[in-house]
file start.txt (compact mmCIF, C-alpha atoms)
# COMPACT_ATOMS: atom_id res chain seq x y z
CA MET A 204 9.67 -15.20 -6.05
CA ILE A 205 8.62 -11.56 -6.23
CA SER A 206 9.28 -10.80 -2.56
CA GLN A 207 12.86 -12.03 -2.85
CA ASP A 208 13.34 -9.97 -6.03
CA ILE A 209 12.04 -6.85 -4.28
CA LEU A 210 14.31 -7.37 -1.29
CA ASP A 211 17.37 -8.03 -3.46
CA LEU A 212 16.73 -4.95 -5.62
CA ALA A 213 16.02 -2.70 -2.64
CA ARG A 214 19.09 -3.96 -0.77
CA SER A 215 21.32 -3.35 -3.78
CA GLN A 216 19.99 0.22 -4.03
CA GLY A 217 20.12 0.94 -0.30
CA VAL A 218 16.35 1.41 -0.19
CA MET A 219 14.25 0.70 2.89
CA ILE A 220 10.53 -0.02 2.37
CA ALA A 221 7.44 0.83 4.44
CA THR A 222 3.90 -0.37 3.82
CA ALA A 223 0.62 1.39 4.57
CA GLU A 224 -2.28 -1.03 4.32
CA SER A 225 -5.98 -0.86 4.92
CA CYS A 226 -8.07 -3.60 3.26
CA THR A 227 -5.13 -6.03 3.10
CA GLY A 228 -4.46 -5.75 6.83
CA GLY A 229 -0.69 -6.22 6.55
CA MET A 230 -0.53 -8.86 3.82
CA VAL A 231 2.15 -6.97 1.86
CA ALA A 232 4.32 -6.64 4.95
CA VAL A 233 3.85 -10.36 5.64
CA ALA A 234 4.82 -11.28 2.07
CA LEU A 235 8.03 -9.27 2.41
CA THR A 236 8.94 -10.35 5.94
CA ASP A 237 8.35 -14.05 5.16
CA VAL A 238 11.73 -13.90 3.37
CA PRO A 239 14.78 -14.43 5.61
CA GLY A 240 16.93 -11.31 5.82
CA SER A 241 14.04 -8.95 5.13
CA SER A 242 14.91 -6.83 8.17
CA SER A 243 17.66 -5.18 6.13
CA VAL A 244 15.01 -3.78 3.76
CA VAL A 245 11.59 -3.69 5.45
CA GLU A 246 11.59 -0.63 7.70
CA ARG A 247 8.01 -0.88 9.05
CA GLY A 248 4.40 -1.55 8.20
CA PHE A 249 1.33 0.47 9.07
CA VAL A 250 -2.04 -1.26 9.24
CA THR A 251 -4.48 1.64 9.18
CA TYR A 252 -7.87 0.05 8.83
CA SER A 253 -9.93 2.85 10.34
CA ASN A 254 -10.05 6.45 9.19
CA ASP A 255 -8.75 7.52 12.62
CA ALA A 256 -5.73 5.25 12.18
CA LYS A 257 -5.04 6.77 8.76
CA ILE A 258 -5.19 10.25 10.30
CA GLU A 259 -3.21 9.48 13.47
CA MET A 260 -0.54 7.15 12.08
CA LEU A 261 -0.03 8.51 8.57
CA GLY A 262 -1.20 12.12 8.74
CA VAL A 263 -4.03 11.62 6.25
CA SER A 264 -6.16 14.75 6.05
CA ARG A 265 -9.70 14.73 7.45
CA ASP A 266 -10.62 17.11 4.64
CA THR A 267 -9.38 14.66 2.01
CA LEU A 268 -11.32 11.84 3.67
CA ALA A 269 -14.46 13.97 3.74
CA ALA A 270 -14.07 15.03 0.11
CA HIS A 271 -13.07 11.71 -1.46
CA GLY A 272 -13.66 8.90 1.03
CA ALA A 273 -11.17 6.33 2.27
CA VAL A 274 -11.25 4.37 -0.99
CA SER A 275 -9.73 6.90 -3.36
CA GLU A 276 -6.45 7.62 -5.08
CA GLU A 277 -6.23 10.84 -3.05
CA ILE A 278 -6.16 8.81 0.17
CA ALA A 279 -3.79 6.21 -1.31
CA LEU A 280 -1.42 9.07 -2.15
CA GLU A 281 -1.61 10.55 1.35
CA MET A 282 -1.14 7.11 2.90
CA ALA A 283 2.00 6.38 0.84
CA GLU A 284 3.50 9.80 1.47
CA GLY A 285 2.54 9.56 5.15
CA ALA A 286 4.31 6.21 5.44
CA LEU A 287 7.47 7.84 4.09
CA SER A 288 7.25 10.83 6.39
CA HIS A 289 6.47 8.69 9.46
CA SER A 290 9.32 6.23 8.89
CA HIS A 291 12.95 6.00 7.87
CA ALA A 292 12.04 4.35 4.56
CA GLN A 293 12.81 5.70 1.10
CA MET A 294 9.91 3.86 -0.57
CA ALA A 295 6.36 3.14 0.53
CA VAL A 296 3.38 1.39 -0.97
CA SER A 297 -0.20 1.95 0.15
CA ILE A 298 -3.46 0.08 -0.34
CA THR A 299 -7.03 1.14 0.44
CA GLY A 300 -10.10 -0.55 -0.95
CA ILE A 301 -13.31 -2.51 -0.62
CA ALA A 302 -12.47 -6.20 -0.39
CA GLY A 303 -16.08 -7.14 0.28
CA PRO A 304 -18.61 -8.25 0.81
CA GLY A 305 -20.52 -5.12 -0.03
CA GLY A 306 -19.75 -1.86 -1.68
CA SER A 307 -21.93 0.74 -3.33
CA GLU A 308 -22.87 2.02 -6.75
CA HIS A 309 -20.07 4.60 -6.56
CA LYS A 310 -17.50 2.38 -4.83
CA PRO A 311 -18.11 -1.23 -5.79
CA GLU A 312 -16.74 -4.32 -4.15
CA GLY A 313 -13.30 -5.09 -5.52
CA ARG A 314 -12.23 -1.47 -6.08
CA VAL A 315 -8.76 -0.96 -4.64
CA CYS A 316 -6.58 2.16 -4.79
CA PHE A 317 -2.80 2.04 -4.58
CA GLY A 318 -0.07 4.57 -3.94
CA LEU A 319 3.68 4.34 -4.40
CA ALA A 320 5.88 7.01 -2.88
CA ARG A 321 9.64 7.09 -3.35
CA ALA A 322 12.02 9.72 -2.09
CA GLY A 323 12.99 12.04 -4.93
CA HIS A 324 10.19 10.86 -7.24
CA ALA A 325 6.60 11.89 -7.84
CA THR A 326 4.08 9.73 -6.00
CA ARG A 327 2.10 7.43 -8.30
CA THR A 328 -1.47 6.29 -7.71
CA GLU A 329 -3.74 3.89 -9.51
CA THR A 330 -7.03 2.10 -9.09
CA ARG A 331 -7.80 -1.50 -9.92
CA GLU A 332 -11.27 -2.99 -10.28
CA PHE A 333 -10.87 -6.61 -9.19
CA GLY A 334 -14.62 -7.21 -9.07
CA ALA A 335 -16.75 -9.11 -6.60
CA GLN A 336 -14.56 -12.23 -6.42
CA GLY A 337 -14.81 -12.61 -2.67
CA ARG A 338 -12.90 -10.96 0.13
CA GLY A 339 -9.94 -13.33 0.18
CA ARG A 340 -9.30 -13.19 -3.54
CA VAL A 341 -9.54 -9.38 -3.71
CA ARG A 342 -7.08 -9.11 -0.82
CA GLU A 343 -4.64 -11.54 -2.48
CA GLN A 344 -4.80 -9.72 -5.80
CA SER A 345 -4.29 -6.41 -4.01
CA ARG A 346 -1.22 -7.77 -2.22
CA ASP A 347 0.19 -9.10 -5.48
CA HIS A 348 -0.45 -5.83 -7.32
CA ALA A 349 1.27 -3.81 -4.57
CA LEU A 350 4.28 -6.12 -4.71
CA ALA A 351 4.41 -5.72 -8.50
CA MET A 352 4.35 -1.93 -8.09
CA LEU A 353 7.32 -2.11 -5.71
CA ARG A 354 9.31 -4.34 -8.06
CA THR A 355 8.54 -2.18 -11.10
CA SER A 356 9.67 0.96 -9.29
CA LEU A 357 12.89 -0.70 -8.15
CA ASP A 358 13.55 -1.99 -11.70
CA GLN A 359 13.53 1.55 -13.13
call {"tool": "encode", "arguments": {"input": "start.txt", "output": "structure tokens"}}
result
Amino acid sequence: MISQDILDLARSQGVMIATAESCTGGMVAVALTDVPGSSSVVERGFVTYSNDAKIEMLGVSRDTLAAHGAVSEEIALEMAEGALSHSHAQMAVSITGIAGPGGSEHKPEGRVCFGLARAGHATRTETREFGAQGRGRVREQSRDHALAMLRTSLDQ
């Protein structure tokens, strides 16, 4: 189970994890905290669905939001770094996207941006195009991708 693997790896490295989630609404935090003993690794989770929440809770820049929009790697980066700076964690993952229904020509349904910040390392961002598979499926795939990013980073 990936959540157990993440917790075991993080615990062995003395790493605490924070999450910063928008379109997944806390699903990554739930996946991690469903595992008994997760409190020794999961430091906190931020559910920042609105732009105001991203600004107030994570320190996301209004200028970045205006320039790139909430669904962008620039915002995913600021969310992940904000989760680190507003917590006691050494690693944070962020998710912002359009789970659907809807979207636009420039930001289609199923586009999700991720960030991974780790103390002492450069923050990584990436975008996945999951497509218009329905809200629930896009959210599940986003959760799973974020968990995979955490495990990959801890494996290195």
call {"tool": "closest_residue", "arguments": {"input": "start.txt", "among": "A:Leu350, A:Ser242, A:Glu276, A:Met282", "to": "A:Asn254", "atoms": "all atoms listed in the file"}}
result
A:Met282
call {"tool": "residues_around", "arguments": {"input": "start.txt", "residues": "stretch 297-310 of chain A", "least_positions_apart": "6", "cutoff": "6 Å", "atoms": "only C-alpha atoms", "output": "list in words"}}
result
Thr222, Ala223, Glu224, Ser225, Cys226, Val274, Ala279, Met282, Ala283, Cys316, Phe317, Gly318, Arg338 and Val341 of chain A
call {"tool": "write_last_selection", "arguments": {"input": "start.txt", "atoms": "C-alpha atoms", "output": "PDB file, in the frame of the given file"}}
result
ATOM      1  CA  THR A 222       3.900  -0.370   3.820  1.00  0.00           C
ATOM      2  CA  ALA A 223       0.620   1.390   4.570  1.00  0.00           C
ATOM      3  CA  GLU A 224      -2.280  -1.030   4.320  1.00  0.00           C
ATOM      4  CA  SER A 225      -5.980  -0.860   4.920  1.00  0.00           C
ATOM      5  CA  CYS A 226      -8.070  -3.600   3.260  1.00  0.00           C
ATOM      6  CA  VAL A 274     -11.250   4.370  -0.990  1.00  0.00           C
ATOM      7  CA  ALA A 279      -3.790   6.210  -1.310  1.00  0.00           C
ATOM      8  CA  MET A 282      -1.140   7.110   2.900  1.00  0.00           C
ATOM      9  CA  ALA A 283       2.000   6.380   0.840  1.00  0.00           C
ATOM     10  CA  CYS A 316      -6.580   2.160  -4.790  1.00  0.00           C
ATOM     11  CA  PHE A 317      -2.800   2.040  -4.580  1.00  0.00           C
ATOM     12  CA  GLY A 318      -0.070   4.570  -3.940  1.00  0.00           C
ATOM     13  CA  ARG A 338     -12.900 -10.960   0.130  1.00  0.00           C
ATOM     14  CA  VAL A 341      -9.540  -9.380  -3.710  1.00  0.00           C
TER      15      VAL A 341
END
call {"tool": "atom_distance", "arguments": {"input": "start.txt", "atom1": "atom CA of A:Ala295", "atom2": "atom CA of A:Arg265"}}
result
21.0 Å
call {"tool": "residues_around", "arguments": {"input": "start.txt", "residues": "A:Ala325", "least_positions_apart": "4", "cutoff": "12 Å", "atoms": "all atoms listed in the file", "output": "number ranges by chain"}}
result
A: 280, 283-284, 294, 318-321, 356
call {"tool": "atom_distance", "arguments": {"input": "start.txt", "atom1": "atom CA of A:Gly323", "atom2": "atom CA of A:Gln359"}}
result
13.3 Å
call {"tool": "residues_around", "arguments": {"input": "start.txt", "residues": "A:Ser206", "least_positions_apart": "2", "cutoff": "12 Å", "atoms": "all atoms listed in the file", "output": "number ranges by chain"}}
result
A: 204, 208-213, 220, 230-241, 244-245, 346-354
call {"tool": "atom_distance", "arguments": {"input": "start.txt", "atom1": "atom CA of A:Glu329", "atom2": "atom CA of A:Gly313"}}
result
13.7 Å
call {"tool": "axis_aligned_box", "arguments": {"input": "start.txt", "around": "stretch 251-263 of chain A", "padding_each_side": "3 Å", "output": "lines of an AutoDock Vina configuration file"}}
result
center_x = -5.0
center_y = 6.1
center_z = 9.9
size_x = 16.0
size_y = 18.1
size_z = 13.2
call {"tool": "closest_residue", "arguments": {"input": "start.txt", "among": "A:Val263, A:Thr251, A:His271, A:Ala292", "to": "A:Met219", "atoms": "all atoms listed in the file"}}
result
A:Ala292
call {"tool": "closest_residue", "arguments": {"input": "start.txt", "among": "A:Gln293, A:Ser215, A:Ser253, A:Ser345", "to": "A:Thr326", "atoms": "all atoms listed in the file"}}
result
A:Gln293
call {"tool": "closest_residue", "arguments": {"input": "start.txt", "among": "A:Thr328, A:Val250, A:Glu259, A:His291", "to": "A:Ile278", "atoms": "all atoms listed in the file"}}
result
A:Thr328
call {"tool": "residues_near_point", "arguments": {"input": "start.txt", "point": "(5.3, 3.0, 11.1)", "cutoff": "10 Å", "atoms": "only C-alpha atoms", "output": "MDAnalysis selection string"}}
result
chainID A and resid 221:223 246:250 260:261 285:292
call {"tool": "closest_residue", "arguments": {"input": "start.txt", "among": "A:Ser243, A:Glu281, A:Pro311, A:Gly229", "to": "A:Gly217", "atoms": "only C-alpha atoms"}}
result
A:Ser243
call {"tool": "decode", "arguments": {"input": "start.txt", "residues": "stretch 216-339 of chain A", "atoms": "C-alpha atoms", "output": "PDB file, in the first residue's frame"}}
result
ATOM      1  CA  GLN A 216      14.150   9.648   7.420  1.00  0.00           C
ATOM      2  CA  GLY A 217      12.650  11.828  10.147  1.00  0.00           C
ATOM      3  CA  VAL A 218      10.507  13.665   7.598  1.00  0.00           C
ATOM      4  CA  MET A 219       7.151  15.220   8.424  1.00  0.00           C
ATOM      5  CA  ILE A 220       4.698  15.788   5.543  1.00  0.00           C
ATOM      6  CA  ALA A 221       2.158  18.540   4.849  1.00  0.00           C
ATOM      7  CA  THR A 222      -0.407  18.609   2.060  1.00  0.00           C
ATOM      8  CA  ALA A 223      -1.843  21.605   0.208  1.00  0.00           C
ATOM      9  CA  GLU A 224      -4.896  20.592  -1.786  1.00  0.00           C
ATOM     10  CA  SER A 225      -7.423  22.377  -3.914  1.00  0.00           C
ATOM     11  CA  CYS A 226      -9.399  20.185  -6.343  1.00  0.00           C
ATOM     12  CA  THR A 227      -8.872  17.034  -4.257  1.00  0.00           C
ATOM     13  CA  GLY A 228     -10.293  18.648  -1.125  1.00  0.00           C
ATOM     14  CA  GLY A 229      -8.065  16.734   1.297  1.00  0.00           C
ATOM     15  CA  MET A 230      -8.007  13.314  -0.368  1.00  0.00           C
ATOM     16  CA  VAL A 231      -4.211  13.007  -0.083  1.00  0.00           C
ATOM     17  CA  ALA A 232      -4.328  13.822   3.619  1.00  0.00           C
ATOM     18  CA  VAL A 233      -7.113  11.256   4.066  1.00  0.00           C
ATOM     19  CA  ALA A 234      -5.122   8.579   2.231  1.00  0.00           C
ATOM     20  CA  LEU A 235      -2.159   9.173   4.531  1.00  0.00           C
ATOM     21  CA  THR A 236      -4.100   9.496   7.786  1.00  0.00           C
ATOM     22  CA  ASP A 237      -6.158   6.356   7.090  1.00  0.00           C
ATOM     23  CA  VAL A 238      -3.014   4.435   8.116  1.00  0.00           C
ATOM     24  CA  PRO A 239      -2.616   3.840  11.869  1.00  0.00           C
ATOM     25  CA  GLY A 240       0.389   5.683  13.273  1.00  0.00           C
ATOM     26  CA  SER A 241       0.310   8.393  10.616  1.00  0.00           C
ATOM     27  CA  SER A 242       0.432  11.130  13.248  1.00  0.00           C
ATOM     28  CA  SER A 243       4.180  10.560  13.548  1.00  0.00           C
ATOM     29  CA  VAL A 244       4.594  11.651   9.904  1.00  0.00           C
ATOM     30  CA  VAL A 245       1.613  13.748   8.770  1.00  0.00           C
ATOM     31  CA  GLU A 246       2.155  17.238  10.166  1.00  0.00           C
ATOM     32  CA  ARG A 247      -0.935  18.955   8.698  1.00  0.00           C
ATOM     33  CA  GLY A 248      -3.106  19.382   5.651  1.00  0.00           C
ATOM     34  CA  PHE A 249      -4.340  22.558   4.013  1.00  0.00           C
ATOM     35  CA  VAL A 250      -7.512  22.476   1.944  1.00  0.00           C
ATOM     36  CA  THR A 251      -7.337  25.730   0.005  1.00  0.00           C
ATOM     37  CA  TYR A 252     -10.176  25.536  -2.456  1.00  0.00           C
ATOM     38  CA  SER A 253     -10.666  29.254  -2.991  1.00  0.00           C
ATOM     39  CA  ASN A 254      -8.065  31.744  -4.166  1.00  0.00           C
ATOM     40  CA  ASP A 255      -8.482  33.638  -0.881  1.00  0.00           C
ATOM     41  CA  ALA A 256      -7.667  30.468   1.046  1.00  0.00           C
ATOM     42  CA  LYS A 257      -4.543  29.947  -1.057  1.00  0.00           C
ATOM     43  CA  ILE A 258      -3.468  33.522  -0.308  1.00  0.00           C
ATOM     44  CA  GLU A 259      -4.371  33.550   3.401  1.00  0.00           C
ATOM     45  CA  MET A 260      -3.295  30.034   4.412  1.00  0.00           C
ATOM     46  CA  LEU A 261      -0.324  29.420   2.119  1.00  0.00           C
ATOM     47  CA  GLY A 262       0.922  32.885   1.177  1.00  0.00           C
ATOM     48  CA  VAL A 263       0.205  32.428  -2.535  1.00  0.00           C
ATOM     49  CA  SER A 264       0.776  35.700  -4.373  1.00  0.00           C
ATOM     50  CA  ARG A 265      -2.191  37.618  -5.798  1.00  0.00           C
ATOM     51  CA  ASP A 266       0.102  38.671  -8.635  1.00  0.00           C
ATOM     52  CA  THR A 267       0.880  35.048  -9.499  1.00  0.00           C
ATOM     53  CA  LEU A 268      -2.821  34.197  -9.429  1.00  0.00           C
ATOM     54  CA  ALA A 269      -3.607  37.138 -11.700  1.00  0.00           C
ATOM     55  CA  ALA A 270      -0.817  36.275 -14.125  1.00  0.00           C
ATOM     56  CA  HIS A 271      -1.247  32.492 -14.322  1.00  0.00           C
ATOM     57  CA  GLY A 272      -4.552  31.505 -12.721  1.00  0.00           C
ATOM     58  CA  ALA A 273      -5.133  29.027  -9.930  1.00  0.00           C
ATOM     59  CA  VAL A 274      -4.558  26.020 -12.196  1.00  0.00           C
ATOM     60  CA  SER A 275      -0.897  26.476 -13.042  1.00  0.00           C
ATOM     61  CA  GLU A 276       2.479  25.096 -12.088  1.00  0.00           C
ATOM     62  CA  GLU A 277       3.365  28.532 -10.707  1.00  0.00           C
ATOM     63  CA  ILE A 278       0.524  28.259  -8.179  1.00  0.00           C
ATOM     64  CA  ALA A 279       1.306  24.609  -7.426  1.00  0.00           C
ATOM     65  CA  LEU A 280       4.871  25.692  -6.611  1.00  0.00           C
ATOM     66  CA  GLU A 281       3.727  28.509  -4.324  1.00  0.00           C
ATOM     67  CA  MET A 282       1.220  26.196  -2.626  1.00  0.00           C
ATOM     68  CA  ALA A 283       3.858  23.525  -1.905  1.00  0.00           C
ATOM     69  CA  GLU A 284       6.410  26.043  -0.664  1.00  0.00           C
ATOM     70  CA  GLY A 285       3.706  27.815   1.343  1.00  0.00           C
ATOM     71  CA  ALA A 286       2.739  24.553   3.020  1.00  0.00           C
ATOM     72  CA  LEU A 287       6.365  24.111   4.102  1.00  0.00           C
ATOM     73  CA  SER A 288       6.707  27.647   5.387  1.00  0.00           C
ATOM     74  CA  HIS A 289       3.350  27.535   7.230  1.00  0.00           C
ATOM     75  CA  SER A 290       4.028  24.213   8.955  1.00  0.00           C
ATOM     76  CA  HIS A 291       6.699  22.220  10.735  1.00  0.00           C
ATOM     77  CA  ALA A 292       6.961  19.755   7.838  1.00  0.00           C
ATOM     78  CA  GLN A 293      10.070  19.056   5.774  1.00  0.00           C
ATOM     79  CA  MET A 294       8.100  17.899   2.706  1.00  0.00           C
ATOM     80  CA  ALA A 295       4.887  19.115   1.110  1.00  0.00           C
ATOM     81  CA  VAL A 296       2.839  18.139  -1.891  1.00  0.00           C
ATOM     82  CA  SER A 297       0.325  20.425  -3.587  1.00  0.00           C
ATOM     83  CA  ILE A 298      -2.509  19.894  -6.046  1.00  0.00           C
ATOM     84  CA  THR A 299      -4.539  22.431  -8.017  1.00  0.00           C
ATOM     85  CA  GLY A 300      -6.670  21.587 -11.011  1.00  0.00           C
ATOM     86  CA  ILE A 301      -9.966  21.323 -12.831  1.00  0.00           C
ATOM     87  CA  ALA A 302     -11.670  18.095 -11.823  1.00  0.00           C
ATOM     88  CA  GLY A 303     -14.819  18.964 -13.751  1.00  0.00           C
ATOM     89  CA  PRO A 304     -17.306  19.233 -15.028  1.00  0.00           C
ATOM     90  CA  GLY A 305     -16.263  22.138 -17.176  1.00  0.00           C
ATOM     91  CA  GLY A 306     -13.038  23.791 -18.081  1.00  0.00           C
ATOM     92  CA  SER A 307     -12.024  26.002 -20.966  1.00  0.00           C
ATOM     93  CA  GLU A 308     -10.048  25.899 -24.175  1.00  0.00           C
ATOM     94  CA  HIS A 309      -6.939  27.051 -22.297  1.00  0.00           C
ATOM     95  CA  LYS A 310      -7.529  25.033 -19.115  1.00  0.00           C
ATOM     96  CA  PRO A 311      -9.458  21.887 -19.970  1.00  0.00           C
ATOM     97  CA  GLU A 312     -11.247  19.571 -17.610  1.00  0.00           C
ATOM     98  CA  GLY A 313      -8.813  17.062 -16.174  1.00  0.00           C
ATOM     99  CA  ARG A 314      -5.779  19.375 -16.109  1.00  0.00           C
ATOM    100  CA  VAL A 315      -4.096  19.131 -12.721  1.00  0.00           C
ATOM    101  CA  CYS A 316      -0.879  20.808 -11.560  1.00  0.00           C
ATOM    102  CA  PHE A 317       1.293  19.388  -8.796  1.00  0.00           C
ATOM    103  CA  GLY A 318       4.097  20.723  -6.640  1.00  0.00           C
ATOM    104  CA  LEU A 319       6.546  18.936  -4.379  1.00  0.00           C
ATOM    105  CA  ALA A 320       8.630  20.959  -1.961  1.00  0.00           C
ATOM    106  CA  ARG A 321      11.265  19.428   0.280  1.00  0.00           C
ATOM    107  CA  ALA A 322      13.571  21.239   2.634  1.00  0.00           C
ATOM    108  CA  GLY A 323      17.022  21.527   1.078  1.00  0.00           C
ATOM    109  CA  HIS A 324      15.842  20.591  -2.426  1.00  0.00           C
ATOM    110  CA  ALA A 325      14.514  22.506  -5.412  1.00  0.00           C
ATOM    111  CA  THR A 326      10.731  22.484  -5.655  1.00  0.00           C
ATOM    112  CA  ARG A 327       9.408  20.337  -8.507  1.00  0.00           C
ATOM    113  CA  THR A 328       6.227  20.994 -10.449  1.00  0.00           C
ATOM    114  CA  GLU A 329       4.406  19.091 -13.141  1.00  0.00           C
ATOM    115  CA  THR A 330       1.108  19.039 -14.969  1.00  0.00           C
ATOM    116  CA  ARG A 331      -0.983  16.014 -15.829  1.00  0.00           C
ATOM    117  CA  GLU A 332      -3.800  15.928 -18.370  1.00  0.00           C
ATOM    118  CA  PHE A 333      -6.200  13.301 -17.034  1.00  0.00           C
ATOM    119  CA  GLY A 334      -8.942  14.264 -19.494  1.00  0.00           C
ATOM    120  CA  ALA A 335     -12.676  14.586 -19.027  1.00  0.00           C
ATOM    121  CA  GLN A 336     -13.187  11.300 -17.162  1.00  0.00           C
ATOM    122  CA  GLY A 337     -15.570  12.723 -14.605  1.00  0.00           C
ATOM    123  CA  ARG A 338     -14.931  14.590 -11.388  1.00  0.00           C
ATOM    124  CA  GLY A 339     -14.476  11.574  -9.137  1.00  0.00           C
TER     125      GLY A 339
END
